[in-house]
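Trainee: Here it is, the structure, as C-alpha cells.
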Amino acid sequence: MTNETKQLLSFEAKLEIIGINPFVYLPQEALSEILKRAKKEKGKIPVKGRVNNIDYTQTLLRYKGEWRLYINTKMLKNSPQRIGELLQITIQIDTETRIITPHPQLMQALQNNSVAEKKFNELTHHP
C-alpha cells in the first residue's frame, strides 16, 4: 500500500443542496481525520479524490457552522439534478500548490496602467 493510498478516506454520502449548490456532508469519522491532517478547524482545506470514480480537486469549506464538500458539475455531471443520489467518494488533503499564473498579456496590460495594476494587486491573495 502506497503512502498516498493510506491517506485516502472512502465513504458514501447523499448528495444534498443548499441554495443552488449541491454538496455532501463528510461522515464524522472522515471529517475528524481530514481536520486532524489539515491541522485546522476553520478556513479552507484543499482536498482531492474521486466522486463515482471521477477525479476531482476541490476545497472543503465550512458554511453556516457545517463543513461541506461542494459537488460541482465538473465533479459530477448534472449534479443539481441528482439531489438525493448516494455517491461513492474518496478524499484526502491536497498538498499540491494552487497558484494560477495570470496570462502574460494581462500582466503586460497591468504594467502599462498603474491604476489597474494597483487595483489588481489589492484583489489578489498572496500566501
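By order of appearance in the C-alpha cells: chains A, B, ..., then residues from 1 within every chain, and ligands from 1 in the order shown.
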Near segment 61-69 of chain A, within 7 Å and counting only C-alpha atoms, which residues show up once chain neighbours fewer than 2 positions away are dropped, as JSON, numbers by chain?

Mentor: {"A": [23, 24, 25, 42, 43, 44, 45, 59, 71]}

Trainee: DSSP on the backbone, then: every residue of segment 1-121 of chain A marked helix (DSSP H, G or I), written as a PyMOL selection string.

Mentor: chain A and resi 3-7+28-38+79-81+104-111+114-121

Trainee: Tell me which of A:Leu76, A:Leu15, A:Ile34, A:Ile93 sits closest to Asn52 of chain A, counting only C-alpha atoms.

Mentor: A:Leu76

Trainee: What's around Ile89 of chain A at 10 Å? Count only C-alpha atoms, leave out sequence neighbours fewer than 3 positions away in its own chain, and write the answer as a ChimeraX atom specification.

Mentor: /A:8-13,24,26,49-55,86

Trainee: Measuring atom to atom with only C-alpha atoms, identify which of A:Glu117, A:Glu122, A:Glu96, A:Glu33 is nearest to Lys48 of chain A.

Mentor: A:Glu96

Trainee: Between A:Ser79, A:Gly84, A:Lys74, A:Ala38, which is the closest to Glu16 of chain A once you count only C-alpha atoms?

Mentor: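 Answer, going by the shortest atom-to-atom distance: A:Gly84.
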
Trainee: When DSSP works through the backbone of this structure, what residues of segment 4-117 of chain A end up as strand (DSSP E or B), shown as number ranges by chain?

Mentor: A: 9-14, 16-18, 21-24, 45-51, 54-63, 66-70, 86-93

Trainee: How would the residues just chosen look if you wrote them out with C-alpha atoms as an mmCIF file, in the first residue's frame?

Mentor:
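The resulting file, part.cif, is reproduced below:
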```
data_model
loop_
_atom_site.group_PDB
_atom_site.id
_atom_site.type_symbol
_atom_site.label_atom_id
_atom_site.label_comp_id
_atom_site.auth_asym_id
_atom_site.auth_seq_id
_atom_site.Cartn_x
_atom_site.Cartn_y
_atom_site.Cartn_z
ATOM 1 C CA LEU A 9 -10.501 8.150 3.048
ATOM 2 C CA SER A 10 -13.536 6.490 1.425
ATOM 3 C CA PHE A 11 -17.214 6.928 2.216
ATOM 4 C CA GLU A 12 -20.709 7.041 0.760
ATOM 5 C CA ALA A 13 -22.744 10.229 1.084
ATOM 6 C CA LYS A 14 -26.109 11.526 -0.074
ATOM 7 C CA GLU A 16 -27.810 17.428 -0.888
ATOM 8 C CA ILE A 17 -28.305 21.057 -1.917
ATOM 9 C CA ILE A 18 -28.131 24.455 -0.243
ATOM 10 C CA ASN A 21 -25.125 24.414 -4.621
ATOM 11 C CA PRO A 22 -25.031 20.604 -4.470
ATOM 12 C CA PHE A 23 -22.834 19.231 -1.655
ATOM 13 C CA VAL A 24 -22.215 16.295 0.640
ATOM 14 C CA ILE A 45 -8.950 22.951 3.267
ATOM 15 C CA PRO A 46 -7.641 21.904 -0.161
ATOM 16 C CA VAL A 47 -8.712 18.341 -0.931
ATOM 17 C CA LYS A 48 -8.726 15.890 -3.814
ATOM 18 C CA GLY A 49 -10.167 12.476 -4.513
ATOM 19 C CA ARG A 50 -12.822 10.772 -6.607
ATOM 20 C CA VAL A 51 -16.603 11.082 -6.885
ATOM 21 C CA ILE A 54 -14.130 10.699 -11.423
ATOM 22 C CA ASP A 55 -11.074 12.581 -10.115
ATOM 23 C CA TYR A 56 -11.662 15.962 -8.502
ATOM 24 C CA THR A 57 -9.743 18.805 -6.902
ATOM 25 C CA GLN A 58 -11.834 20.900 -4.532
ATOM 26 C CA THR A 59 -11.816 22.929 -1.340
ATOM 27 C CA LEU A 60 -13.582 21.703 1.773
ATOM 28 C CA LEU A 61 -15.455 24.654 3.292
ATOM 29 C CA ARG A 62 -17.274 25.427 6.499
ATOM 30 C CA TYR A 63 -20.533 27.291 5.849
ATOM 31 C CA GLU A 66 -21.028 22.938 8.967
ATOM 32 C CA TRP A 67 -18.277 21.507 6.774
ATOM 33 C CA ARG A 68 -19.393 20.746 3.229
ATOM 34 C CA LEU A 69 -17.772 19.262 0.154
ATOM 35 C CA TYR A 70 -19.439 21.076 -2.726
ATOM 36 C CA LEU A 86 -25.784 8.235 -2.982
ATOM 37 C CA LEU A 87 -22.247 8.988 -4.116
ATOM 38 C CA GLN A 88 -19.069 6.970 -3.680
ATOM 39 C CA ILE A 89 -16.407 9.438 -2.529
ATOM 40 C CA THR A 90 -12.740 9.349 -1.680
ATOM 41 C CA ILE A 91 -10.998 12.329 -0.131
ATOM 42 C CA GLN A 92 -7.555 13.328 1.043
ATOM 43 C CA ILE A 93 -5.636 16.520 1.753
#
```

Trainee: Tell me, in Å to one decimal, how far atom CA of Glu29 of chain A is from atom CA of Gln7 of chain A.

Mentor: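 Rounded to one decimal, the two atoms are 13.7 Å apart.
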
Trainee: If you measure from atom CA of Ala116 of chain A to atom CA of Ile99 of chain A, what distance in Å do you get, rounded to one decimal?

Mentor: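 One can read the atom CA of Ala116 of chain A to atom CA of Ile99 of chain A distance as 20.9 Å.
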
Trainee: Could you please determine the separation between atom CA of Ile83 of chain A and atom CA of Ala30 of chain A in Å, to one decimal place?

Mentor: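 We find that atom CA of Ile83 of chain A and atom CA of Ala30 of chain A lie 21.4 Å from each other.
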
Trainee: Within 10 Å of Phe120 of chain A, counting only C-alpha atoms, which residues show up once you throw out same-chain ones fewer than 6 positions away? Write them as a list in words, please.

Mentor: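 My reading of the contact set: Met107, Leu110 and Ser114 of chain A.
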